[in-house]
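Peer 1: Here it is, the structure in full.
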Amino acid sequence: MRRVIHALERISAALVRTMEGSEALVRAVVEAAANHLSAEWVAFALVDGELPDARPRHLVRGPDSAEWPDLATVPVRIRDHVRHIHTGRADDHPHPAEVTRRHLHVPVRLDGRVVGGFIAWTPEEREIDGTDQSVLRILAGQTAAALQNCALHEHSARLYAHATQQADDLKARNDQLVATQAELGAARQREVLDVERHRIARELHDSVTQYALSAGMHIELVRSEIDDERLRGQLDTAKDLTRRAVEQLRSAIYALNERDGCADEDLPSMLRRLSGVHMPDELRVEVRIGGKPVALPADCEQSLFRIAGEALFNTAVHADASRAVVRLAYTCGQVRLTISDDGRGSPDAVRRSLRASVVAPSGEHRGLVNMQTRARELGGSLTFRRARLGGLQVQVDVPVPCAPDRSTP
């Protein structure tokens, strides 16, 4: 009875290895059988095609508890038994009568069919009795159920891993879809904005600008028929106002039609193009480039381009200037952009207007605020001072990384 109890304890200890997988389970049940029978040799094997997920398909334990993974090296009688179990013909294998009391073969059954078997050989001093056969049958029956549970557990684990991977893939694809939708939405917004900007530009060009030009022509006609100098002076003022209105309209139309620059243009080319488009005839604009031009980040070039455009627009509309100079200087660690004119602009007045717009924004002088914001976003600074030409100078300093010196090894 004590021996049976110890055997059942070993069987229970072996079967709890189910969650560790079929390989750990097979080793545990073979060890339990060997310990119970004090066997010299114990072999476990599965029928080919049965419990296909179970591994290993056979396990041979020899003297001194050593495993023999290679069937070619085990004794012939043991190798033959294992191969007969694999082929499902273990019952056809003859057992010599003189070793029957020291040899035991117990089939492993599952749902009424044989799926494998245990084979054991005990030493001469250890004979196998009916109790041993009962214990091994219990172990065989529990092993079959445990192996099936192992297969189900491993299959469930694979399904769970596959489902988790699919869920991760779906999440990644959903994130990509959301990002793509956001990009499409942004592209659509830009397209709608461009269409609306071009529509407004066409309306300004085809209606408001034409009305202003017509008003100027009528003023000139009336002026030519009046001899009163006081009235002629007032008409000259009105004519000048309409001219300035047309210039502002042209600048606004240019700004509305202007996109974010061309992808194949660098900043110097963009500034040259800006200086020659929609500038008043009486305003002469020069562009000067200092240092060796280097490629800047696209957002940096666009921001500097916009600052230059806003400064030239203010010069053309408000400064009453005849000349403007745009300088772009490249140095190691910095890019400096200056827009100078010979107009009547006052640095102090511009600073006051900027401070007033920041403290109490009303929409007026919005261009100055935009210039300052763009400069700060680049980590740079915006300053206003008196230009050598006599008017206002707008200066933007932006830090940039130094280009590597390719001459040094």
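Numbering starts fresh at 1 for the residues of each chain in the structure tokens, the chains themselves are lettered A, B, ... in the order given, and ligands are numbered from 1 as they appear.
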When you look at Pro347 (chain A) with a cut-off of 10 Å (counting only C-alpha atoms), what residues show up, excluding the ones that are within fewer than 6 positions of it in the same chain? I need them as a PyMOL selection string.

Peer 2: chain A and resi 353+383-387+391-394

Peer 1: Based on the selection just made, write C-alpha atoms of those residues as a PDB file, in the first residue's frame.

Peer 2:
ATOM      1  CA  SER A 353       3.110  99.329 -33.478  1.00  0.00           C
ATOM      2  CA  THR A 383      15.014  93.689 -34.962  1.00  0.00           C
ATOM      3  CA  PHE A 384      14.255  97.092 -36.491  1.00  0.00           C
ATOM      4  CA  ARG A 385      16.834  99.844 -36.911  1.00  0.00           C
ATOM      5  CA  ARG A 386      17.676 102.818 -39.103  1.00  0.00           C
ATOM      6  CA  ALA A 387      19.061 101.709 -42.483  1.00  0.00           C
ATOM      7  CA  GLY A 391      14.873 104.446 -44.115  1.00  0.00           C
ATOM      8  CA  LEU A 392      14.006 101.324 -42.134  1.00  0.00           C
ATOM      9  CA  GLN A 393      16.006  98.120 -41.857  1.00  0.00           C
ATOM     10  CA  VAL A 394      14.361  94.832 -40.887  1.00  0.00           C
TER      11      VAL A 394
END

Peer 1: Report, in Å with one decimal, the straight-line distance from CA of Val317 (chain A) to CA of Arg272 (chain A).

Peer 2: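 These atoms are spaced 19.4 Å apart.
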
Peer 1: Quick one, how far is CA of Asn35 (chain A) from CA of Val114 (chain A)?

Peer 2: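 Going from CA of Asn35 (chain A) over to CA of Val114 (chain A) covers 24.3 Å.
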
Peer 1: Apply DSSP to the structure's backbone, then extract all residues of region 190-318 of chain A labelled strand (DSSP E or B) and return them as a PyMOL selection string.

Peer 2: chain A and resi 284-290

Peer 1: May I have the selected residues written with C-alpha atoms, as a PDB file, in the first residue's frame?

Peer 2:
ATOM      1  CA  ARG A 284      13.813  99.379 -57.260  1.00  0.00           C
ATOM      2  CA  VAL A 285      14.692  96.196 -55.369  1.00  0.00           C
ATOM      3  CA  GLU A 286      18.161  94.625 -55.229  1.00  0.00           C
ATOM      4  CA  VAL A 287      19.028  91.180 -53.871  1.00  0.00           C
ATOM      5  CA  ARG A 288      22.522  90.557 -52.530  1.00  0.00           C
ATOM      6  CA  ILE A 289      23.832  87.201 -51.331  1.00  0.00           C
ATOM      7  CA  GLY A 290      26.823  86.987 -48.971  1.00  0.00           C
TER       8      GLY A 290
END

Peer 1: Compile the contact shell of Val335 (chain A) as a ChimeraX atom specification: residues with an atom at most 8 Å away, counting only C-alpha atoms, same-chain residues fewer than 3 positions apart removed.

Peer 2: /A:328-331,397-400

Peer 1: List every residue of region 177-329 of chain A that DSSP, applied to the backbone of this structure, places in alpha helix (DSSP H), and write the result as JSON, numbers by chain.

Peer 2: {"A": [177, 178, 179, 180, 181, 182, 183, 184, 185, 186, 187, 188, 189, 190, 191, 192, 193, 194, 195, 196, 197, 198, 199, 200, 201, 202, 203, 209, 210, 211, 212, 213, 214, 215, 216, 217, 218, 219, 220, 221, 222, 223, 224, 229, 230, 231, 232, 233, 234, 235, 236, 237, 238, 239, 240, 241, 242, 243, 244, 245, 246, 247, 248, 249, 250, 251, 252, 253, 254, 255, 256, 257, 267, 268, 269, 270, 271, 272, 273, 274, 275, 298, 299, 300, 301, 302, 303, 304, 305, 306, 307, 308, 309, 310, 311, 312, 313, 314, 315, 316, 317, 318]}

Peer 1: One decimal, in Å: what's the spacing between CA of Glu377 (chain A) and CA of Gln176 (chain A)?

Peer 2: 28.7 Å

Peer 1: For Arg244 (chain A), work out the shell of residues within 10 Å, counting only C-alpha atoms and skipping chain neighbours fewer than 5 positions away, then give it as a list in words.

Peer 2: Ala212, Ala238, Lys239, Leu249, Arg250, Pro280, Ala316, Val317, His318 and Asp320 of chain A

Peer 1: Pull all heavy atoms from the residues just selected and write them as a PDB file, in the first residue's frame.

Peer 2:
ATOM      1  N   ALA A 212     -10.668 100.576 -59.391  1.00  0.00           N
ATOM      2  CA  ALA A 212      -9.705 101.566 -58.919  1.00  0.00           C
ATOM      3  C   ALA A 212      -8.984 102.229 -60.097  1.00  0.00           C
ATOM      4  O   ALA A 212      -8.768 103.452 -60.102  1.00  0.00           O
ATOM      5  CB  ALA A 212      -8.690 100.897 -57.983  1.00  0.00           C
ATOM      6  N   ALA A 238      -6.094 112.543 -54.724  1.00  0.00           N
ATOM      7  CA  ALA A 238      -6.997 111.424 -54.973  1.00  0.00           C
ATOM      8  C   ALA A 238      -6.394 110.443 -55.982  1.00  0.00           C
ATOM      9  O   ALA A 238      -6.503 109.219 -55.835  1.00  0.00           O
ATOM     10  CB  ALA A 238      -8.342 111.944 -55.474  1.00  0.00           C
ATOM     11  N   LYS A 239      -5.753 110.991 -57.008  1.00  0.00           N
ATOM     12  CA  LYS A 239      -5.125 110.133 -58.005  1.00  0.00           C
ATOM     13  C   LYS A 239      -4.004 109.295 -57.376  1.00  0.00           C
ATOM     14  O   LYS A 239      -3.861 108.094 -57.655  1.00  0.00           O
ATOM     15  CB  LYS A 239      -4.570 110.986 -59.140  1.00  0.00           C
ATOM     16  CG  LYS A 239      -3.885 110.166 -60.230  1.00  0.00           C
ATOM     17  CD  LYS A 239      -3.320 111.077 -61.307  1.00  0.00           C
ATOM     18  CE  LYS A 239      -2.577 110.247 -62.347  1.00  0.00           C
ATOM     19  NZ  LYS A 239      -1.979 111.102 -63.396  1.00  0.00           N
ATOM     20  N   LEU A 249      -3.486  96.369 -54.058  1.00  0.00           N
ATOM     21  CA  LEU A 249      -4.280  95.271 -54.614  1.00  0.00           C
ATOM     22  C   LEU A 249      -3.391  94.286 -55.372  1.00  0.00           C
ATOM     23  O   LEU A 249      -3.557  93.066 -55.257  1.00  0.00           O
ATOM     24  CB  LEU A 249      -5.365  95.831 -55.529  1.00  0.00           C
ATOM     25  CG  LEU A 249      -6.570  96.473 -54.824  1.00  0.00           C
ATOM     26  CD1 LEU A 249      -7.449  97.192 -55.838  1.00  0.00           C
ATOM     27  CD2 LEU A 249      -7.386  95.410 -54.099  1.00  0.00           C
ATOM     28  N   ARG A 250      -2.459  94.820 -56.157  1.00  0.00           N
ATOM     29  CA  ARG A 250      -1.559  93.927 -56.892  1.00  0.00           C
ATOM     30  C   ARG A 250      -0.707  93.085 -55.938  1.00  0.00           C
ATOM     31  O   ARG A 250      -0.496  91.891 -56.162  1.00  0.00           O
ATOM     32  CB  ARG A 250      -0.669  94.751 -57.808  1.00  0.00           C
ATOM     33  CG  ARG A 250      -1.396  95.294 -59.035  1.00  0.00           C
ATOM     34  CD  ARG A 250      -0.499  96.196 -59.839  1.00  0.00           C
ATOM     35  NE  ARG A 250      -1.150  96.631 -61.063  1.00  0.00           N
ATOM     36  CZ  ARG A 250      -0.647  97.542 -61.895  1.00  0.00           C
ATOM     37  NH1 ARG A 250       0.517  98.127 -61.607  1.00  0.00           N
ATOM     38  NH2 ARG A 250      -1.300  97.878 -62.993  1.00  0.00           N
ATOM     39  N   PRO A 280       6.020  97.919 -57.132  1.00  0.00           N
ATOM     40  CA  PRO A 280       5.712  99.172 -57.846  1.00  0.00           C
ATOM     41  C   PRO A 280       6.859  99.590 -58.754  1.00  0.00           C
ATOM     42  O   PRO A 280       8.028  99.311 -58.475  1.00  0.00           O
ATOM     43  CB  PRO A 280       5.502 100.180 -56.701  1.00  0.00           C
ATOM     44  CG  PRO A 280       5.174  99.350 -55.504  1.00  0.00           C
ATOM     45  CD  PRO A 280       5.930  98.066 -55.672  1.00  0.00           C
ATOM     46  N   ALA A 316       6.719  98.772 -49.939  1.00  0.00           N
ATOM     47  CA  ALA A 316       6.030  99.255 -51.133  1.00  0.00           C
ATOM     48  C   ALA A 316       4.783 100.052 -50.790  1.00  0.00           C
ATOM     49  O   ALA A 316       4.439 101.023 -51.481  1.00  0.00           O
ATOM     50  CB  ALA A 316       5.669  98.068 -52.026  1.00  0.00           C
ATOM     51  N   VAL A 317       4.099  99.688 -49.716  1.00  0.00           N
ATOM     52  CA  VAL A 317       2.798 100.293 -49.417  1.00  0.00           C
ATOM     53  C   VAL A 317       2.922 101.488 -48.483  1.00  0.00           C
ATOM     54  O   VAL A 317       2.240 102.509 -48.668  1.00  0.00           O
ATOM     55  CB  VAL A 317       1.856  99.228 -48.808  1.00  0.00           C
ATOM     56  CG1 VAL A 317       0.553  99.864 -48.337  1.00  0.00           C
ATOM     57  CG2 VAL A 317       1.578  98.134 -49.828  1.00  0.00           C
ATOM     58  N   HIS A 318       3.792 101.388 -47.466  1.00  0.00           N
ATOM     59  CA  HIS A 318       3.788 102.393 -46.399  1.00  0.00           C
ATOM     60  C   HIS A 318       5.009 103.306 -46.372  1.00  0.00           C
ATOM     61  O   HIS A 318       4.928 104.381 -45.776  1.00  0.00           O
ATOM     62  CB  HIS A 318       3.693 101.692 -45.029  1.00  0.00           C
ATOM     63  CG  HIS A 318       2.488 100.813 -44.889  1.00  0.00           C
ATOM     64  ND1 HIS A 318       1.201 101.305 -44.910  1.00  0.00           N
ATOM     65  CD2 HIS A 318       2.384  99.459 -44.722  1.00  0.00           C
ATOM     66  CE1 HIS A 318       0.345 100.294 -44.770  1.00  0.00           C
ATOM     67  NE2 HIS A 318       1.038  99.169 -44.656  1.00  0.00           N
ATOM     68  N   ASP A 320       6.881 104.831 -48.772  1.00  0.00           N
ATOM     69  CA  ASP A 320       7.130 105.864 -49.787  1.00  0.00           C
ATOM     70  C   ASP A 320       8.607 105.827 -50.197  1.00  0.00           C
ATOM     71  O   ASP A 320       9.281 106.857 -50.276  1.00  0.00           O
ATOM     72  CB  ASP A 320       6.765 107.246 -49.237  1.00  0.00           C
ATOM     73  CG  ASP A 320       6.683 108.289 -50.359  1.00  0.00           C
ATOM     74  OD1 ASP A 320       6.502 107.870 -51.534  1.00  0.00           O
ATOM     75  OD2 ASP A 320       6.802 109.487 -50.072  1.00  0.00           O
TER      76      ASP A 320
END

Peer 1: Which of these, A:Glu124, A:Ala34, A:Arg197, A:Gln234, has the shortest distance to Leu136 (chain A) once you count only C-alpha atoms?

Peer 2: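 The closest residue to Leu136 (chain A) is A:Ala34.
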
Peer 1: What's around Ser22 (chain A) at 8 Å? Count only C-alpha atoms, leave out sequence neighbours fewer than 3 positions away in its own chain, and write the answer as JSON, numbers by chain.

Peer 2: {"A": [18, 25, 26, 54, 55, 56, 147, 150, 151]}

Peer 1: Can you write out the residues you just picked, keeping C-alpha atoms, as a PDB file, in the first residue's frame?

Peer 2:
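Result file out.pdb:
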ATOM      1  CA  THR A  18       1.143  19.658 -18.130  1.00  0.00           C
ATOM      2  CA  LEU A  25       5.382  16.057 -19.219  1.00  0.00           C
ATOM      3  CA  VAL A  26       6.871  13.063 -21.091  1.00  0.00           C
ATOM      4  CA  ALA A  54       3.235  16.081 -28.746  1.00  0.00           C
ATOM      5  CA  ARG A  55       7.021  16.127 -28.487  1.00  0.00           C
ATOM      6  CA  PRO A  56       9.178  14.113 -28.179  1.00  0.00           C
ATOM      7  CA  LEU A 147      -0.851  14.968 -23.438  1.00  0.00           C
ATOM      8  CA  CYS A 150      -0.950  19.831 -23.430  1.00  0.00           C
ATOM      9  CA  ALA A 151      -1.840  19.841 -27.116  1.00  0.00           C
TER      10      ALA A 151
END
